[in-house]
Protein chains: 2
Amino acid sequence: MRARKTETELRQEQIVAAALDMISAEGVHALSIVGIAERVGIVPSALYRHFKGKDDVLDGVLALLERRLLRNVTQVRKQTPDALSRLRLLLMKQAQMLSENRGIPHIVFSDGIYTGHPERKAKVAEIMQSHLSRIQKIIEEGQQKGAIREDVAPTTASVMFLGMILPAAVLGNLTEGGFDLIAHVEKAWPVFVRCIATNNKSQS
Amino acid sequence: MRARKTETELRQEQIVAAALDMISAEGVHALSIVGIAERVGIVPSALYRHFKGKDDVLDGVLALLERRLLRNVTQVRKQTPDALSRLRLLLMKQAQMLSENRGIPHIVFSDGIYTGHPERKAKVAEIMQSHLSRIQKIIEEGQQKGAIREDVAPTTASVMFLGMILPAAVLGNLTEGGFDLIAHVEKAWPVFVRCIATNNKSQS
DNA sequence: CTATATTGTGAACAGTGAATCACAATTCTT
DNA sequence: AAGAATTGTGATTCACTGTTCACAATATAG
């Protein structure tokens with residue numbers, strides 16, 4: 001059966017989405033042009049009408065990840081001005097995102113996406129560091145307003161914030177849902193708050 | 001040049017070590033029989049005298065990882081009876097281990113090691129969970145002795161403990177040493193202690 | 001020292017997956 | 001509606017990698 005002719009822009013989105021899905025399901029290592037094409041409903045060679053090659057697709061996936069991370073933070077900033085609330089909201093959003101799309105940790109951790117591609121490795125590093133610096137900024141603002149202790153380095157705190165969700169996401173992956181990511185995050189949050197919040201503020 | 005004839009047992013160790021080195025350097029994705037053979041100093045086909053195939057080698061790497069994780073915990077248990085001190089020591093050992101052997105996170109995270117091998121994925125999950133339950137046990141003992149707060153679930157605390165080191169290790173990997181793992185861990189530790197320790201105990 | 005088992009070697013095989021290309025079908029333009 | 005541009009298809013090529021096998025070299029046993 002012949003696939004319906006579809007404009008490149010839409011196909012590109014479909015292809016990147018299919019790639020991300022495939023990574024979520026089977027990992028970066030199992031990502032293949034054939035597999036992507038099947039999911040999109042076209043023939044492998046047709047994919048080359050829309051992307052220069054596999055590398056190009058991977059770059060697209062990376063760009064998607066970057067947009068999503070940025071979007072989460074900006075949304076959270078709009079929803080509340082309080083630093084701790086922002087962090088809590090962000091944590092929940094991340095947990096949601098990671099439990100829906102389990103491929104994301106693979107993108108960051110799995111080497112398969114950047115072995116032999118130093119520039120892409122640098123790109124991944126840049127994405128992570130940008131994300132961290134956004135978290136860091138929220139923390140710094142919280143310190144200025146007195147909600148967050150001054151004696152914790154914002155950098156350290158931001159990495160620890162990641163640490164609340166990242167190992168949990170990996171466990172969720174490994175056990176294929178045998179580990180409840182959301183539940184963990186909800187338990188971990190009050191503990192984390194005690195690490196960084198000033199005592200004069202109580203958090204339910 | 002011909003490689004010296006060496007008994008299987010020794011060769012197996014060499015091969016597993018070479019595989020781990022290779023993973024550290026270039027990632028699981030770049031792990032190849034040819035590469036391993038080169039590092040060991042034999043020809044690819046000779047490797048099959050000592051391992052049934054690539055899968056067998058990967059199982060060997062996993063077993064090595066398992067032994068090392070277990071060893072760290074047992075060593076720490078011998079060195080001190082105090083729960084918080086044990087955790088601190090363990091944290092440092094892990095940091096040391098991860099900064100020396102950067103391939104380890106890849107083994108756990110990279111899908112390349114278990115795509116299409118459900119049994120190996122289960123094995124990795126088991127290794128991680130065993131390790132977590134050991135940490136958990138230390139925490140529970142600390143709670144009984146009153147050093148660790150009762151209101152933090154040991155499971156949550158153990159995952160958070162992992163979270164102190166794991167994202168840092170990944171960042172270290174991504175930036176190729178641009179992120180000081182040891183330094184982060186030393187800063188994060190006192191913050192973490194505040195999360196879980198009872199207030200009546202002060203930790204320098 | 002000789003026989004046997006063990007280990008190493010090179011060549012060849014097979015499967016996989018990315019990429020290319022000429023050609024066909026479809027959509028868009030005018 | 002006719003021509004041009006775009007998109008889809010199937011066949012094919014190419015490189016890579018894991019694996020096997022007959023044979024050679026080396027260590028070990030009796």
# chains A, B, ... in the order shown; residues from 1 in each chain; ligands from 1
>>> closest_atom_pairs(of="chain D", to="chain B", cutoff="10 Å", atoms="only C-alpha atoms (C1' of nucleotides)", output="tab-separated table")
residue	atom	partner	partner_atom	distance
D:DT17	C1'	B:Ser32	CA	7.6
D:DG18	C1'	B:Ile33	CA	7.5
D:DT19	C1'	B:Gly53	CA	8.1
D:DT20	C1'	B:Ser45	CA	8.8
D:DA25	C1'	B:Arg2	CA	8.8
D:DT26	C1'	B:Lys5	CA	6.6
D:DA27	C1'	B:Lys5	CA	7.4
>>> write_last_selection(atoms="N, CA, C and O atoms (P, O5', C5', C4', C3', O3' and C1' of nucleotides)", output="JSON list (two decimals), in the first residue's frame")
[["chain", "number", "residue", "atom", "x", "y", "z"],
["D", 17, "DT", "P", 32.30, -1.93, 13.07],
["D", 17, "DT", "O5'", 31.63, -3.23, 13.69],
["D", 17, "DT", "C5'", 30.24, -3.44, 13.52],
["D", 17, "DT", "C4'", 29.89, -4.89, 13.78],
["D", 17, "DT", "C3'", 30.90, -5.66, 14.64],
["D", 17, "DT", "O3'", 30.20, -6.37, 15.60],
["D", 17, "DT", "C1'", 30.47, -6.84, 12.67],
["D", 18, "DG", "P", 30.85, -6.92, 16.95],
["D", 18, "DG", "O5'", 30.22, -8.38, 17.09],
["D", 18, "DG", "C5'", 28.83, -8.53, 16.93],
["D", 18, "DG", "C4'", 28.50, -9.90, 16.39],
["D", 18, "DG", "C3'", 29.14, -11.06, 17.15],
["D", 18, "DG", "O3'", 28.15, -12.04, 17.41],
["D", 18, "DG", "C1'", 29.67, -11.21, 14.85],
["D", 19, "DT", "P", 28.49, -13.25, 18.37],
["D", 19, "DT", "O5'", 28.97, -14.35, 17.33],
["D", 19, "DT", "C5'", 28.09, -14.71, 16.27],
["D", 19, "DT", "C4'", 28.77, -15.66, 15.31],
["D", 19, "DT", "C3'", 29.59, -16.78, 15.97],
["D", 19, "DT", "O3'", 28.91, -18.01, 15.76],
["D", 19, "DT", "C1'", 30.69, -15.86, 14.06],
["D", 20, "DT", "P", 29.45, -19.38, 16.35],
["D", 20, "DT", "O5'", 30.16, -20.04, 15.10],
["D", 20, "DT", "C5'", 29.51, -20.00, 13.84],
["D", 20, "DT", "C4'", 30.39, -20.61, 12.76],
["D", 20, "DT", "C3'", 31.17, -21.85, 13.19],
["D", 20, "DT", "O3'", 31.00, -22.88, 12.20],
["D", 20, "DT", "C1'", 32.64, -20.26, 12.25],
["D", 25, "DA", "P", 53.34, -22.88, 11.98],
["D", 25, "DA", "O5'", 53.33, -22.54, 13.53],
["D", 25, "DA", "C5'", 52.91, -21.24, 13.94],
["D", 25, "DA", "C4'", 52.60, -21.25, 15.42],
["D", 25, "DA", "C3'", 53.77, -21.68, 16.33],
["D", 25, "DA", "O3'", 54.01, -20.65, 17.26],
["D", 25, "DA", "C1'", 51.77, -22.83, 16.91],
["D", 26, "DT", "P", 55.31, -20.72, 18.20],
["D", 26, "DT", "O5'", 54.70, -21.22, 19.59],
["D", 26, "DT", "C5'", 53.56, -20.57, 20.13],
["D", 26, "DT", "C4'", 52.97, -21.37, 21.25],
["D", 26, "DT", "C3'", 53.98, -21.86, 22.29],
["D", 26, "DT", "O3'", 53.55, -21.43, 23.56],
["D", 26, "DT", "C1'", 52.51, -23.58, 21.68],
["D", 27, "DA", "P", 54.65, -21.26, 24.76],
["D", 27, "DA", "O5'", 54.00, -22.20, 25.87],
["D", 27, "DA", "C5'", 52.72, -21.87, 26.38],
["D", 27, "DA", "C4'", 51.99, -23.13, 26.81],
["D", 27, "DA", "C3'", 52.62, -23.87, 28.00],
["D", 27, "DA", "O3'", 51.63, -24.05, 28.98],
["D", 27, "DA", "C1'", 52.14, -25.38, 26.23]]
>>> residues_around(residues="D:DA29", least_positions_apart="5", cutoff="10 Å", atoms="only C-alpha atoms (C1' of nucleotides)", output="ChimeraX atom specification")
/C:3-5
>>> residues_around(residues="D:DC21", least_positions_apart="4", cutoff="12 Å", atoms="only C-alpha atoms (C1' of nucleotides)", output="ChimeraX atom specification")
/B:45,48 /C:9-13
>>> residues_around(residues="stretch 122-135 of chain B", least_positions_apart="2", cutoff="7 Å", atoms="only C-alpha atoms (C1' of nucleotides)", output="JSON, numbers by chain")
{"A": [174, 175], "B": [66, 69, 108, 118, 119, 120, 137, 138, 139, 158]}
>>> residues_around(residues="D:DT6", least_positions_apart="3", cutoff="12 Å", atoms="only C-alpha atoms (C1' of nucleotides)", output="ChimeraX atom specification")
/A:5-8,46,49-50 /C:25-28
>>> interface_residues(of="chain B", to="chain A", cutoff="8 Å", atoms="only C-alpha atoms", output="number ranges by chain")
B: 26-30, 105-106, 109-112, 115-116, 121-122, 124-125, 152-153, 156-157, 159-160, 162-168, 170-171, 174-175, 184, 187-188, 191-196
>>> residues_around(residues="B:Asn72", least_positions_apart="5", cutoff="9 Å", atoms="only C-alpha atoms (C1' of nucleotides)", output="JSON, numbers by chain")
{"B": [67, 77, 90, 93, 94]}
>>> residues_around(residues="A:Ala3", least_positions_apart="6", cutoff="8 Å", atoms="only C-alpha atoms (C1' of nucleotides)", output="PyMOL selection string")
(chain A and resi 41-42) or (chain D and resi 8)
>>> atom_distance(atom1="atom CA of A:Arg71", atom2="atom CA of A:Leu89")
12.8 Å
>>> interface_residues(of="chain C", to="chain B", cutoff="9 Å", atoms="only C-alpha atoms (C1' of nucleotides)", output="MDAnalysis selection string")
chainID C and resid 6:9
